[in-house]
Amino acid sequence: MKRKQSRIIVGTAIGAAAIAVAIDHTRQRLPEPEKQLASQQAVIIIDEGEELPVENNGDCGKPPSPGRKKAPCSL
Amino acid sequence: MDKTTDHETYWTLRLFVILQEMAAQRTNAVLELLGNVGHLEAEHSYPETSLFFAANRWRAFYHCHESTSLHPDEHGHFHIFTDTGNRQWAHVAGLSIDNMGQPLQWFMVNRWVTDGPWLEQDKFPVQLNDAAHDYKEDSLVGRWLLVLLQVYRETLSGLLVKRDEQLQLFSKERSRVETLDDRDIYTLATHPTDLQSMLENRLAPLLNEEKLLCTGI
């Protein structure tokens with residue numbers, strides 16, 4: 001009898017409704033990402049005759065321009 | 001329905017417990033990770049120096065992009081790495097997250113995307129086995145990530161195989177190194193993820209089975 005009660009209690013704890021409630025309560029809206037702040041963009045001084053640096057906006061979700069070298073999602 | 005293994009059952013129950021913990025706080029992994037960040041900045045990694053977990057042998061960060069994404073409903077994604085020795089961090093998988101903090105899909109990226117060492121597919125289960133007992137003191141997000149990796153162990157192993165098959169396919173008329181550096185190839189394999197369906201499929205049938213009593217919950 002005791003064994004059966006345990007099963008009912010545990011069974012209730014992970015029933016489909018409990019799963020739905022747990023998931024639902026973790027559905028919390030995430031903040032909208034903002035564009036990189038202009039103030040954080042680096043100022044690069046190019047000396048006369050020096051090559052321009054390659055483009056890298058850190059966007060790993062789109063194909064990069066041909067000049068981009070750096071891994072966009074590296075550590 | 002797929003036959004659920006004891007390993008999957010164990011880790012799925014662990015995941016459920018973690019989700020209940022998050023649910024009680026009305027939070028999710030991304031919100032928890034962001035903490036008191038006032039403004040979420042695109043192209044920025046959170047946390048900046050990664051989140052370490054499982055005895056510091058795994059690490060991850062979350063970020064989102066300004067204009068493009070890997071999935072139409074994606075808010076951002078996690079990148080998960082594992083230490084393959086001597087602090088060499090190999091990328092294991094990416095996990096897309098929607099606007100409500102729910103996982104959307106796992107994905108495998110080409111090497112140029114994250115650079116670093118390439119994770120051989122047979123190393124993945126070994127790395128996970130090593131981490132199985134080293135996560136209980138981790139942060140909530142660290143535990144969530146490690147348990148998710150365990151829950152989706154078979155899926156991720158399959159994705160690593162598919163990744164390598166795709167790589168081989170793309171390398172038919174050129175070297176493997178050229179393919180690994182091909183900026184036109186970003187993802188090599190993806191797998192959609194729905195936590196609620198997965199939990200229902202794996203846990204609901206257990207309600208009538210004896211082994212549910214042995215889970216220790």
# chains A, B, ... in the order shown; residues from 1 in each chain; ligands from 1
call {"tool": "interface_residues", "arguments": {"of": "chain B", "to": "chain A", "cutoff": "7 Å", "atoms": "only C-alpha atoms", "output": "number ranges by chain"}}
result
B: 19-20, 22-23, 26-28, 31, 40-43, 65-66, 68-70, 99-102, 112-115, 183-184, 196, 200, 204, 207, 213
call {"tool": "residues_around", "arguments": {"residues": "stretch 116-131 of chain B", "least_positions_apart": "5", "cutoff": "12 Å", "atoms": "only C-alpha atoms", "output": "JSON, numbers by chain"}}
result
{"A": [70, 71, 72, 73, 74, 75], "B": [7, 53, 54, 55, 56, 57, 58, 59, 80, 81, 82, 83, 84, 85, 86, 87, 88, 89, 90, 91, 92, 93, 108, 109, 110, 111, 136, 138, 142, 143, 145, 146, 147, 148, 149, 150, 151, 152, 153, 154, 155, 156, 157, 158, 159, 160, 161, 162, 163, 164, 165, 177, 180, 181]}
call {"tool": "write_last_selection", "arguments": {"atoms": "C-alpha atoms", "output": "PDB file, in the first residue's frame"}}
result
ATOM      1  CA  LYS A  70      38.554  36.309 -37.835  1.00  0.00           C
ATOM      2  CA  ALA A  71      36.355  33.497 -36.461  1.00  0.00           C
ATOM      3  CA  PRO A  72      33.169  35.342 -35.475  1.00  0.00           C
ATOM      4  CA  CYS A  73      32.036  32.965 -32.702  1.00  0.00           C
ATOM      5  CA  SER A  74      35.320  31.979 -31.125  1.00  0.00           C
ATOM      6  CA  LEU A  75      35.968  32.125 -27.395  1.00  0.00           C
TER       7      LEU A  75
ATOM      8  CA  HIS B   7      20.453   6.963 -19.271  1.00  0.00           C
ATOM      9  CA  PHE B  53      30.807  24.215 -15.615  1.00  0.00           C
ATOM     10  CA  ALA B  54      31.404  20.510 -14.935  1.00  0.00           C
ATOM     11  CA  ALA B  55      34.689  20.996 -13.063  1.00  0.00           C
ATOM     12  CA  ASN B  56      35.728  23.758 -15.470  1.00  0.00           C
ATOM     13  CA  ARG B  57      36.073  21.273 -18.295  1.00  0.00           C
ATOM     14  CA  TRP B  58      33.118  22.712 -20.169  1.00  0.00           C
ATOM     15  CA  ARG B  59      32.300  26.306 -20.990  1.00  0.00           C
ATOM     16  CA  ILE B  80      29.219  25.123 -25.956  1.00  0.00           C
ATOM     17  CA  PHE B  81      32.864  24.036 -25.772  1.00  0.00           C
ATOM     18  CA  THR B  82      34.734  21.243 -24.028  1.00  0.00           C
ATOM     19  CA  ASP B  83      38.345  21.005 -22.885  1.00  0.00           C
ATOM     20  CA  THR B  84      40.021  18.330 -24.973  1.00  0.00           C
ATOM     21  CA  GLY B  85      43.228  18.581 -22.962  1.00  0.00           C
ATOM     22  CA  ASN B  86      45.700  21.312 -22.052  1.00  0.00           C
ATOM     23  CA  ARG B  87      42.906  23.891 -22.116  1.00  0.00           C
ATOM     24  CA  GLN B  88      42.272  23.350 -25.801  1.00  0.00           C
ATOM     25  CA  TRP B  89      38.605  24.221 -26.212  1.00  0.00           C
ATOM     26  CA  ALA B  90      36.769  22.396 -28.959  1.00  0.00           C
ATOM     27  CA  HIS B  91      33.314  23.553 -30.015  1.00  0.00           C
ATOM     28  CA  VAL B  92      30.734  20.856 -29.293  1.00  0.00           C
ATOM     29  CA  ALA B  93      27.419  22.336 -30.387  1.00  0.00           C
ATOM     30  CA  MET B 108      26.943  22.024 -35.584  1.00  0.00           C
ATOM     31  CA  VAL B 109      29.110  24.721 -37.095  1.00  0.00           C
ATOM     32  CA  ASN B 110      31.950  24.613 -39.553  1.00  0.00           C
ATOM     33  CA  ARG B 111      35.364  25.082 -38.007  1.00  0.00           C
ATOM     34  CA  LYS B 136      26.015  19.269  -9.018  1.00  0.00           C
ATOM     35  CA  ASP B 138      27.476  24.317 -10.690  1.00  0.00           C
ATOM     36  CA  GLY B 142      25.690  25.318 -15.802  1.00  0.00           C
ATOM     37  CA  ARG B 143      23.594  22.415 -14.547  1.00  0.00           C
ATOM     38  CA  LEU B 145      23.535  23.000 -19.962  1.00  0.00           C
ATOM     39  CA  LEU B 146      25.260  19.862 -18.721  1.00  0.00           C
ATOM     40  CA  VAL B 147      21.999  18.012 -18.169  1.00  0.00           C
ATOM     41  CA  LEU B 148      20.733  19.079 -21.599  1.00  0.00           C
ATOM     42  CA  LEU B 149      23.907  17.706 -23.165  1.00  0.00           C
ATOM     43  CA  GLN B 150      23.289  14.419 -21.355  1.00  0.00           C
ATOM     44  CA  VAL B 151      19.611  14.329 -22.324  1.00  0.00           C
ATOM     45  CA  TYR B 152      20.469  14.944 -25.981  1.00  0.00           C
ATOM     46  CA  ARG B 153      23.575  12.780 -25.961  1.00  0.00           C
ATOM     47  CA  GLU B 154      22.336  10.462 -28.725  1.00  0.00           C
ATOM     48  CA  THR B 155      20.992  13.348 -30.795  1.00  0.00           C
ATOM     49  CA  LEU B 156      24.269  15.225 -30.531  1.00  0.00           C
ATOM     50  CA  SER B 157      26.306  12.128 -31.332  1.00  0.00           C
ATOM     51  CA  GLY B 158      24.155  11.718 -34.424  1.00  0.00           C
ATOM     52  CA  LEU B 159      24.678  15.357 -35.348  1.00  0.00           C
ATOM     53  CA  LEU B 160      28.449  14.965 -35.052  1.00  0.00           C
ATOM     54  CA  VAL B 161      28.271  12.004 -37.426  1.00  0.00           C
ATOM     55  CA  LYS B 162      26.120  14.026 -39.823  1.00  0.00           C
ATOM     56  CA  ARG B 163      28.531  16.954 -39.504  1.00  0.00           C
ATOM     57  CA  ASP B 164      31.416  14.750 -40.593  1.00  0.00           C
ATOM     58  CA  GLU B 165      29.392  13.236 -43.433  1.00  0.00           C
ATOM     59  CA  VAL B 177      41.064  22.033 -44.774  1.00  0.00           C
ATOM     60  CA  LEU B 180      36.679  23.717 -42.918  1.00  0.00           C
ATOM     61  CA  ASP B 181      37.625  27.270 -43.881  1.00  0.00           C
TER      62      ASP B 181
END
call {"tool": "atom_distance", "arguments": {"atom1": "atom CA of B:Arg202", "atom2": "atom CA of B:Pro103"}}
result
17.1 Å
call {"tool": "select_by_dssp", "arguments": {"residues": "stretch 91-192 of chain B", "states": "helix (DSSP H, G or I)", "output": "NGL selection string"}}
result
:B and (111-114 or 123-131 or 140-151 or 153-170 or 176-180)
call {"tool": "closest_residue", "arguments": {"among": "B:Glu74, B:Glu178, B:Glu32, B:Asp134", "to": "B:Leu104", "atoms": "only C-alpha atoms"}}
result
B:Glu74
call {"tool": "select_by_dssp", "arguments": {"residues": "stretch 44-174 of chain B", "states": "strand (DSSP E)", "output": "mmCIF file with C-alpha atoms, in the first residue's frame"}}
result
data_model
loop_
_atom_site.group_PDB
_atom_site.id
_atom_site.type_symbol
_atom_site.label_atom_id
_atom_site.label_comp_id
_atom_site.auth_asym_id
_atom_site.auth_seq_id
_atom_site.Cartn_x
_atom_site.Cartn_y
_atom_site.Cartn_z
ATOM 1 C CA TYR B 46 27.424 36.616 -22.086
ATOM 2 C CA PRO B 47 29.182 36.118 -19.803
ATOM 3 C CA GLU B 48 32.096 37.877 -21.411
ATOM 4 C CA THR B 49 34.617 35.287 -20.235
ATOM 5 C CA SER B 50 32.224 32.332 -20.662
ATOM 6 C CA LEU B 51 30.323 30.296 -18.119
ATOM 7 C CA PHE B 52 32.449 27.408 -16.855
ATOM 8 C CA PHE B 53 30.807 24.215 -15.615
ATOM 9 C CA TRP B 58 33.118 22.712 -20.169
ATOM 10 C CA ARG B 59 32.300 26.306 -20.990
ATOM 11 C CA ALA B 60 29.628 28.221 -22.876
ATOM 12 C CA PHE B 61 28.500 31.685 -23.813
ATOM 13 C CA TYR B 62 25.312 33.186 -25.211
ATOM 14 C CA HIS B 63 25.057 35.861 -27.838
ATOM 15 C CA GLU B 74 15.830 32.703 -32.905
ATOM 16 C CA HIS B 75 16.640 35.327 -30.276
ATOM 17 C CA GLY B 76 20.243 34.156 -29.869
ATOM 18 C CA HIS B 77 22.256 31.041 -29.256
ATOM 19 C CA PHE B 78 24.610 29.289 -26.883
ATOM 20 C CA HIS B 79 27.994 28.051 -28.053
ATOM 21 C CA ILE B 80 29.219 25.123 -25.956
ATOM 22 C CA PHE B 81 32.864 24.036 -25.772
ATOM 23 C CA THR B 82 34.734 21.243 -24.028
ATOM 24 C CA ASP B 83 38.345 21.005 -22.885
ATOM 25 C CA TRP B 89 38.605 24.221 -26.212
ATOM 26 C CA ALA B 90 36.769 22.396 -28.959
ATOM 27 C CA HIS B 91 33.314 23.553 -30.015
ATOM 28 C CA VAL B 92 30.734 20.856 -29.293
ATOM 29 C CA ALA B 93 27.419 22.336 -30.387
ATOM 30 C CA GLY B 94 25.297 25.450 -30.656
ATOM 31 C CA LEU B 95 21.813 25.780 -29.197
ATOM 32 C CA SER B 96 19.357 28.302 -30.661
ATOM 33 C CA ILE B 97 16.946 29.943 -28.215
ATOM 34 C CA ASP B 98 13.647 31.687 -29.011
ATOM 35 C CA PRO B 103 15.511 25.894 -26.996
ATOM 36 C CA LEU B 104 14.742 25.756 -30.719
ATOM 37 C CA GLN B 105 17.453 23.669 -32.307
ATOM 38 C CA TRP B 106 20.892 22.177 -31.886
ATOM 39 C CA PHE B 107 23.413 22.969 -34.581
ATOM 40 C CA MET B 108 26.943 22.024 -35.584
ATOM 41 C CA VAL B 109 29.110 24.721 -37.095
#
call {"tool": "atom_distance", "arguments": {"atom1": "atom CA of B:Tyr135", "atom2": "atom CA of B:Tyr10"}}
result
14.6 Å
